[in-house]
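*Asks:* My structure is in upload.cif, and what it holds is mmCIF, C-alpha atoms:
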```
data_input
#
loop_
_atom_site.label_atom_id
_atom_site.label_comp_id
_atom_site.auth_asym_id
_atom_site.auth_seq_id
_atom_site.Cartn_x
_atom_site.Cartn_y
_atom_site.Cartn_z
CA MET Z 6 169.57 85.12 -51.19
CA LYS Z 7 165.84 84.43 -50.89
CA LYS Z 8 165.20 86.22 -54.19
CA VAL Z 9 167.80 84.07 -55.97
CA LEU Z 10 166.28 80.89 -54.46
CA LEU Z 11 162.80 82.02 -55.52
CA ILE Z 12 163.99 82.66 -59.09
CA TYR Z 13 165.54 79.17 -59.22
CA LEU Z 14 162.32 77.60 -57.96
CA ILE Z 15 160.26 79.47 -60.56
CA LEU Z 16 162.67 78.38 -63.32
CA ILE Z 17 162.57 74.75 -62.19
CA ALA Z 18 158.77 74.83 -61.97
CA GLY Z 19 158.59 76.34 -65.46
CA ILE Z 20 160.87 73.66 -66.88
CA LEU Z 21 158.83 70.90 -65.24
CA ILE Z 22 155.56 72.33 -66.53
CA TRP Z 23 156.97 72.56 -70.07
CA TYR Z 24 158.52 69.07 -69.89
CA TYR Z 25 155.34 67.32 -68.74
CA GLY Z 26 152.92 69.58 -70.59
CA VAL Z 27 153.82 71.41 -73.79
CA GLY Z 28 157.09 69.56 -74.47
CA LYS Z 29 155.49 66.16 -74.09
CA GLU Z 30 153.74 66.55 -77.45
CA LYS Z 31 157.02 67.44 -79.16
CA ARG Z 32 159.04 64.52 -77.77
CA ILE Z 33 158.59 61.25 -79.64
CA PHE Z 34 160.94 58.63 -78.29
CA ASP Z 35 161.35 54.91 -78.65
CA ASP Z 36 161.25 53.63 -75.06
CA ALA Z 37 163.80 50.92 -75.76
CA ASN Z 38 166.62 53.00 -77.23
CA GLY Z 39 165.68 56.62 -76.65
CA LYS Z 40 165.81 57.23 -80.42
CA ALA Z 41 163.38 59.55 -82.12
CA LEU Z 42 160.66 57.68 -83.96
CA LYS Z 43 159.96 58.56 -87.56
CA VAL Z 44 156.68 60.30 -88.19
CA SER Z 45 155.19 59.40 -91.55
CA LYS Z 46 153.35 61.92 -93.74
CA HIS Z 47 150.91 59.13 -94.66
CA SER Z 48 148.12 57.65 -92.56
CA PRO Z 49 148.63 54.38 -90.62
CA VAL Z 50 146.11 52.67 -92.95
CA PHE Z 51 148.03 53.78 -96.06
CA ASN Z 52 151.34 52.73 -94.51
CA GLU Z 53 149.97 49.33 -93.56
CA SER Z 54 148.83 48.71 -97.14
CA MET Z 55 152.22 49.89 -98.43
CA GLU Z 56 154.11 47.63 -96.03
CA ASP Z 57 152.01 44.70 -97.20
CA ILE Z 58 153.19 45.42 -100.74
CA MET Z 59 156.84 45.60 -99.71
CA THR Z 60 156.66 42.43 -97.60
CA ASN Z 61 155.24 40.49 -100.53
CA TYR Z 62 157.72 42.09 -102.93
CA TYR Z 63 160.67 40.94 -100.79
CA LYS Z 64 159.19 37.44 -100.63
CA LEU Z 65 158.85 37.41 -104.43
CA THR Z 66 162.45 38.58 -104.80
CA SER Z 67 163.57 35.71 -102.57
CA ASP Z 68 161.56 33.26 -104.71
CA PHE Z 69 163.42 34.48 -107.80
CA VAL Z 70 166.76 34.05 -106.00
CA LYS Z 71 165.81 30.42 -105.34
CA GLY Z 72 164.32 29.94 -108.81
CA ASP Z 73 161.16 28.54 -107.18
CA THR Z 74 158.55 28.90 -109.93
CA LEU Z 75 155.65 27.61 -107.80
CA ALA Z 76 156.40 30.09 -105.00
CA ILE Z 77 156.85 32.86 -107.59
CA SER Z 78 153.30 32.28 -108.85
CA GLU Z 79 151.85 32.14 -105.33
CA ASN Z 80 153.59 35.25 -104.06
CA ALA Z 81 152.98 37.20 -107.27
CA ASP Z 82 149.24 36.58 -106.72
CA LYS Z 83 149.58 37.86 -103.14
CA LEU Z 84 151.49 40.89 -104.35
CA ILE Z 85 148.77 41.67 -106.91
CA MET Z 86 146.19 41.54 -104.09
CA ALA Z 87 148.38 43.81 -101.96
CA LEU Z 88 148.68 46.29 -104.84
CA ASP Z 89 144.92 46.20 -105.35
CA SER Z 90 144.50 46.99 -101.63
CA LEU Z 91 146.80 50.02 -101.65
CA LYS Z 92 144.91 53.01 -100.25
CA ILE Z 93 145.84 55.09 -103.29
CA ASP Z 94 142.82 57.40 -102.88
CA GLU Z 95 144.49 58.91 -99.82
CA LEU Z 96 146.88 60.68 -102.19
CA LYS Z 97 144.00 62.67 -103.70
CA LYS Z 98 144.64 65.38 -101.11
CA ASP Z 99 147.75 66.21 -103.16
CA SER Z 100 146.53 66.29 -106.76
CA SER Z 101 150.03 66.90 -108.15
CA ILE Z 102 151.15 63.54 -106.77
CA PHE Z 103 147.93 61.58 -107.16
CA GLU Z 104 147.59 61.60 -110.95
CA THR Z 105 151.18 60.48 -111.50
CA ALA Z 106 151.07 57.91 -108.69
CA PHE Z 107 147.76 56.49 -109.93
CA THR Z 108 149.13 55.95 -113.46
CA ILE Z 109 152.31 54.28 -112.17
CA TRP Z 110 150.28 52.16 -109.73
CA GLN Z 111 148.17 50.88 -112.64
CA ASP Z 112 151.33 50.13 -114.62
CA THR Z 113 152.81 48.10 -111.74
CA ARG Z 114 149.65 45.99 -111.54
CA THR Z 115 149.61 45.43 -115.31
CA GLU Z 116 153.31 44.51 -115.37
CA LEU Z 117 152.94 42.02 -112.52
CA ALA Z 118 149.83 40.42 -114.00
CA GLY Z 119 151.68 40.08 -117.30
CA MET Z 120 154.58 38.37 -115.56
CA LEU Z 121 152.30 35.53 -114.48
CA SER Z 122 151.53 34.72 -118.09
CA ASP Z 123 155.22 34.43 -119.00
CA PRO Z 124 156.05 30.80 -119.86
CA SER Z 125 159.60 30.52 -118.54
CA LEU Z 126 161.56 31.52 -115.45
CA GLN Z 127 163.85 33.70 -117.58
CA ALA Z 128 160.89 35.53 -119.12
CA ARG Z 129 159.45 36.05 -115.65
CA ARG Z 130 162.76 37.47 -114.47
CA GLU Z 131 162.69 39.97 -117.32
CA SER Z 132 159.14 40.98 -116.36
CA PHE Z 133 160.16 41.19 -112.71
CA ASN Z 134 162.86 43.66 -113.72
CA LEU Z 135 160.28 45.87 -115.46
CA PHE Z 136 157.93 45.54 -112.49
CA SER Z 137 160.69 46.47 -110.04
CA ASN Z 138 161.39 49.64 -112.03
CA GLU Z 139 157.70 50.59 -111.93
CA LEU Z 140 157.41 49.85 -108.19
CA PHE Z 141 160.55 51.85 -107.40
CA THR Z 142 159.17 54.81 -109.38
CA LEU Z 143 155.89 54.51 -107.46
CA LEU Z 144 157.72 54.52 -104.11
CA LEU Z 145 159.63 57.66 -105.09
CA THR Z 146 156.45 59.34 -106.34
CA ILE Z 147 154.45 58.72 -103.16
CA ARG Z 148 157.52 59.65 -101.09
CA TYR Z 149 157.74 56.35 -99.25
CA ASP Z 150 159.04 57.18 -95.79
CA LEU Z 151 158.90 54.00 -93.71
CA GLY Z 152 162.53 53.07 -94.18
CA ASN Z 153 165.48 53.08 -96.53
CA LEU Z 154 165.13 51.79 -100.08
CA TYR Z 155 168.13 50.03 -101.59
CA TRP Z 156 168.18 50.18 -105.39
CA MET Z 157 170.27 47.26 -106.56
CA GLU Z 158 171.65 46.33 -109.98
CA CYS Z 159 173.21 43.39 -111.77
CA SER Z 160 174.89 45.01 -114.77
CA SER Z 161 174.73 41.87 -116.92
CA ALA Z 162 171.49 40.26 -115.72
CA PHE Z 163 170.12 39.79 -119.25
CA GLY Z 164 173.28 39.97 -121.33
CA GLU Z 165 176.51 41.92 -121.44
CA ASP Z 166 174.94 45.39 -121.59
CA THR Z 167 171.48 44.68 -120.20
CA PRO Z 168 171.18 45.29 -116.46
CA GLY Z 169 168.53 44.05 -114.08
CA ASN Z 170 167.38 46.07 -111.08
CA TRP Z 171 165.51 45.31 -107.90
CA ILE Z 172 164.67 46.87 -104.54
CA GLY Z 173 166.81 45.31 -101.84
CA GLU Z 174 165.70 44.64 -98.31
CA ASN Z 175 169.22 45.67 -97.25
CA GLU Z 176 172.51 46.83 -98.78
CA LYS Z 177 173.60 43.27 -99.62
CA SER Z 178 170.47 41.87 -101.21
CA VAL Z 179 171.08 38.81 -103.36
CA ASN Z 180 170.54 39.06 -107.12
CA PRO Z 181 167.17 37.56 -108.18
CA TYR Z 182 168.21 37.22 -111.84
CA GLY Z 183 170.17 33.98 -111.56
CA LYS Z 184 173.71 35.36 -111.61
CA GLN Z 185 176.03 35.00 -108.65
CA ASN Z 186 178.26 37.79 -107.42
CA CYS Z 187 176.40 40.31 -109.54
CA GLU Z 188 174.81 42.77 -107.15
CA ASP Z 189 175.75 46.41 -106.79
CA LEU Z 190 174.08 49.01 -104.61
CA LYS Z 191 173.28 51.86 -107.01
CA LYS Z 192 171.29 54.15 -104.69
CA THR Z 193 170.12 54.36 -101.11
CA ILE Z 194 166.94 56.36 -100.77
CA LYS Z 195 166.40 57.59 -97.25
CA PRO Z 196 162.99 58.74 -95.97
CA THR Z 197 164.22 62.35 -95.84
CA ASP Z 198 165.90 62.20 -99.25
CA SER Z 199 163.69 62.33 -102.33
CA THR Z 200 166.62 63.11 -104.62
CA GLY Z 201 167.98 59.57 -104.74
CA LYS Z 202 171.44 60.55 -103.46
CA LYS Z 203 173.36 58.27 -101.14
#
```
Output the structure of this file as structure tokens.
*Replies:*
Amino acid sequence: MKKVLLIYLILIAGILIWYYGVGKEKRIFDDANGKALKVSKHSPVFNESMEDIMTNYYKLTSDFVKGDTLAISENADKLIMALDSLKIDELKKDSSIFETAFTIWQDTRTELAGMLSDPSLQARRESFNLFSNELFTLLLTIRYDLGNLYWMECSSAFGEDTPGNWIGENEKSVNPYGKQNCEDLKKTIKPTDSTGKK
């Protein structure tokens, strides 16, 4: 009986040592909900610069929904600054990704700067569509992993057979191209899914 009790005590002590020692490093929990927190492959500085881009992108999308040309200009300027501040050099540690990402990053900046020179809201919407495609490609290339990406489409944004796409903040993001009831979720990209499957 004493041997059995001693074995139990040793097992309990071992479990406690693992739980508060070795296992502590392997457990990452959100105190509020007990859910595992996502661990990004990118540095906090890179993620902060990327989140700044996405925050400004979503604001710009909202401006297009409202058709607010003044706000579009203001937030496009902020988005250009956010793109310029992206810590793209961090990707140099993976040369296979860096060269592609760097080229796409430059294209997004060029596309957005070009949008500001467009004379009309409609022309800006067309440029925003091209920019959104570039930004989405950049996010896939760098393997954005801070949350889901919702790739939205209005199939007739610029005519019967000319769709417009944008990155939604959620699954029911409103169409920024001036057409009501024209928003379809085409893809949901999850942080663990680089294939683009739902």
*Asks:* So which residues are close to (162.6, 46.5, -111.7), meaning at most 12 Å away in the file's coordinates with all atoms listed in the file counted, and can you show them as an MDAnalysis selection string?
*Replies:* chainID Z and resid 62 66 113 116:117 129:143 156:159 162 168:173 180:182
*Asks:* Of the candidates Z:Tyr155, Z:Ile85, Z:Glu165, Z:Phe51, which one gets nearest to Lys177 in chain Z if we count only C-alpha atoms?
*Replies:*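 Of all the options, Z:Tyr155 lies closest to Lys177 in chain Z.
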*Asks:* If you count all atoms listed in the file, which residues fall within 12 Å of Ser122 in chain Z, apart from same-chain ones fewer than 3 positions away, as a count of residues only?
*Replies:* 14
*Asks:* What does the distance from CA of Asn61 in chain Z to CA of Lys83 in chain Z come to in Å, to one decimal?
*Replies:*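 According to the coordinates, CA of Asn61 in chain Z and CA of Lys83 in chain Z are separated by 6.8 Å.
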*Asks:* Counting only C-alpha atoms, write as a PyMOL selection string all protein and nucleic acid residues lying at most 12 Å from (142.2, 51.8, -99.4) in the file's frame.
*Replies:* chain Z and resi 48-55+86-97
*Asks:* Complete range 167-187 of chain Z at the level of N, CA, C and O atoms, written as an mmCIF file, keeping the file's coordinate frame.
*Replies:*
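Contents of selection_32.cif, as written:
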```cif
data_model
loop_
_atom_site.group_PDB
_atom_site.id
_atom_site.type_symbol
_atom_site.label_atom_id
_atom_site.label_comp_id
_atom_site.auth_asym_id
_atom_site.auth_seq_id
_atom_site.Cartn_x
_atom_site.Cartn_y
_atom_site.Cartn_z
ATOM 1 N N THR Z 167 172.886 44.580 -120.602
ATOM 2 C CA THR Z 167 171.480 44.680 -120.200
ATOM 3 C C THR Z 167 171.333 44.416 -118.711
ATOM 4 O O THR Z 167 171.322 43.248 -118.289
ATOM 5 N N PRO Z 168 171.246 45.478 -117.917
ATOM 6 C CA PRO Z 168 171.180 45.290 -116.460
ATOM 7 C C PRO Z 168 169.792 44.877 -115.981
ATOM 8 O O PRO Z 168 168.791 45.038 -116.679
ATOM 9 N N GLY Z 169 169.781 44.349 -114.783
ATOM 10 C CA GLY Z 169 168.530 44.050 -114.080
ATOM 11 C C GLY Z 169 168.563 44.746 -112.736
ATOM 12 O O GLY Z 169 169.602 44.773 -112.070
ATOM 13 N N ASN Z 170 167.451 45.336 -112.355
ATOM 14 C CA ASN Z 170 167.380 46.070 -111.080
ATOM 15 C C ASN Z 170 166.332 45.466 -110.174
ATOM 16 O O ASN Z 170 165.392 44.819 -110.628
ATOM 17 N N TRP Z 171 166.499 45.722 -108.889
ATOM 18 C CA TRP Z 171 165.510 45.310 -107.900
ATOM 19 C C TRP Z 171 165.664 46.160 -106.648
ATOM 20 O O TRP Z 171 166.675 46.824 -106.455
ATOM 21 N N ILE Z 172 164.633 46.149 -105.820
ATOM 22 C CA ILE Z 172 164.670 46.870 -104.540
ATOM 23 C C ILE Z 172 165.134 45.887 -103.486
ATOM 24 O O ILE Z 172 164.502 44.846 -103.270
ATOM 25 N N GLY Z 173 166.254 46.199 -102.856
ATOM 26 C CA GLY Z 173 166.810 45.310 -101.840
ATOM 27 C C GLY Z 173 166.227 45.575 -100.467
ATOM 28 O O GLY Z 173 165.887 46.702 -100.134
ATOM 29 N N GLU Z 174 166.156 44.504 -99.697
ATOM 30 C CA GLU Z 174 165.700 44.640 -98.310
ATOM 31 C C GLU Z 174 166.813 45.233 -97.445
ATOM 32 O O GLU Z 174 166.582 45.801 -96.393
ATOM 33 N N ASN Z 175 168.058 45.094 -97.927
ATOM 34 C CA ASN Z 175 169.220 45.670 -97.250
ATOM 35 C C ASN Z 175 170.287 45.959 -98.304
ATOM 36 O O ASN Z 175 170.065 45.752 -99.500
ATOM 37 N N GLU Z 176 171.453 46.412 -97.854
ATOM 38 C CA GLU Z 176 172.510 46.830 -98.780
ATOM 39 C C GLU Z 176 173.180 45.662 -99.508
ATOM 40 O O GLU Z 176 173.935 45.874 -100.449
ATOM 41 N N LYS Z 177 172.937 44.440 -99.027
ATOM 42 C CA LYS Z 177 173.600 43.270 -99.620
ATOM 43 C C LYS Z 177 172.580 42.258 -100.122
ATOM 44 O O LYS Z 177 172.765 41.061 -99.982
ATOM 45 N N SER Z 178 171.523 42.751 -100.700
ATOM 46 C CA SER Z 178 170.470 41.870 -101.210
ATOM 47 C C SER Z 178 170.985 41.025 -102.369
ATOM 48 O O SER Z 178 171.684 41.521 -103.245
ATOM 49 N N VAL Z 179 170.600 39.759 -102.350
ATOM 50 C CA VAL Z 179 171.080 38.810 -103.360
ATOM 51 C C VAL Z 179 170.329 39.028 -104.677
ATOM 52 O O VAL Z 179 169.131 39.295 -104.702
ATOM 53 N N ASN Z 180 171.050 38.871 -105.763
ATOM 54 C CA ASN Z 180 170.540 39.060 -107.120
ATOM 55 C C ASN Z 180 169.454 38.023 -107.450
ATOM 56 O O ASN Z 180 169.695 36.820 -107.388
ATOM 57 N N PRO Z 181 168.254 38.482 -107.833
ATOM 58 C CA PRO Z 181 167.170 37.560 -108.180
ATOM 59 C C PRO Z 181 167.184 37.099 -109.640
ATOM 60 O O PRO Z 181 166.285 36.382 -110.077
ATOM 61 N N TYR Z 182 168.210 37.496 -110.405
ATOM 62 C CA TYR Z 182 168.210 37.220 -111.840
ATOM 63 C C TYR Z 182 169.093 36.037 -112.242
ATOM 64 O O TYR Z 182 169.423 35.863 -113.413
ATOM 65 N N GLY Z 183 169.483 35.233 -111.252
ATOM 66 C CA GLY Z 183 170.170 33.980 -111.560
ATOM 67 C C GLY Z 183 171.659 34.075 -111.763
ATOM 68 O O GLY Z 183 172.284 33.105 -112.185
ATOM 69 N N LYS Z 184 172.263 35.220 -111.477
ATOM 70 C CA LYS Z 184 173.710 35.360 -111.610
ATOM 71 C C LYS Z 184 174.321 35.588 -110.239
ATOM 72 O O LYS Z 184 173.857 36.438 -109.482
ATOM 73 N N GLN Z 185 175.354 34.852 -109.940
ATOM 74 C CA GLN Z 185 176.030 35.000 -108.650
ATOM 75 C C GLN Z 185 177.057 36.114 -108.708
ATOM 76 O O GLN Z 185 177.627 36.397 -109.763
ATOM 77 N N ASN Z 186 177.271 36.712 -107.549
ATOM 78 C CA ASN Z 186 178.260 37.790 -107.420
ATOM 79 C C ASN Z 186 178.024 38.911 -108.431
ATOM 80 O O ASN Z 186 178.961 39.446 -109.024
ATOM 81 N N CYS Z 187 176.761 39.228 -108.626
ATOM 82 C CA CYS Z 187 176.400 40.310 -109.540
ATOM 83 C C CYS Z 187 175.341 41.157 -108.873
ATOM 84 O O CYS Z 187 174.167 41.132 -109.241
#
```
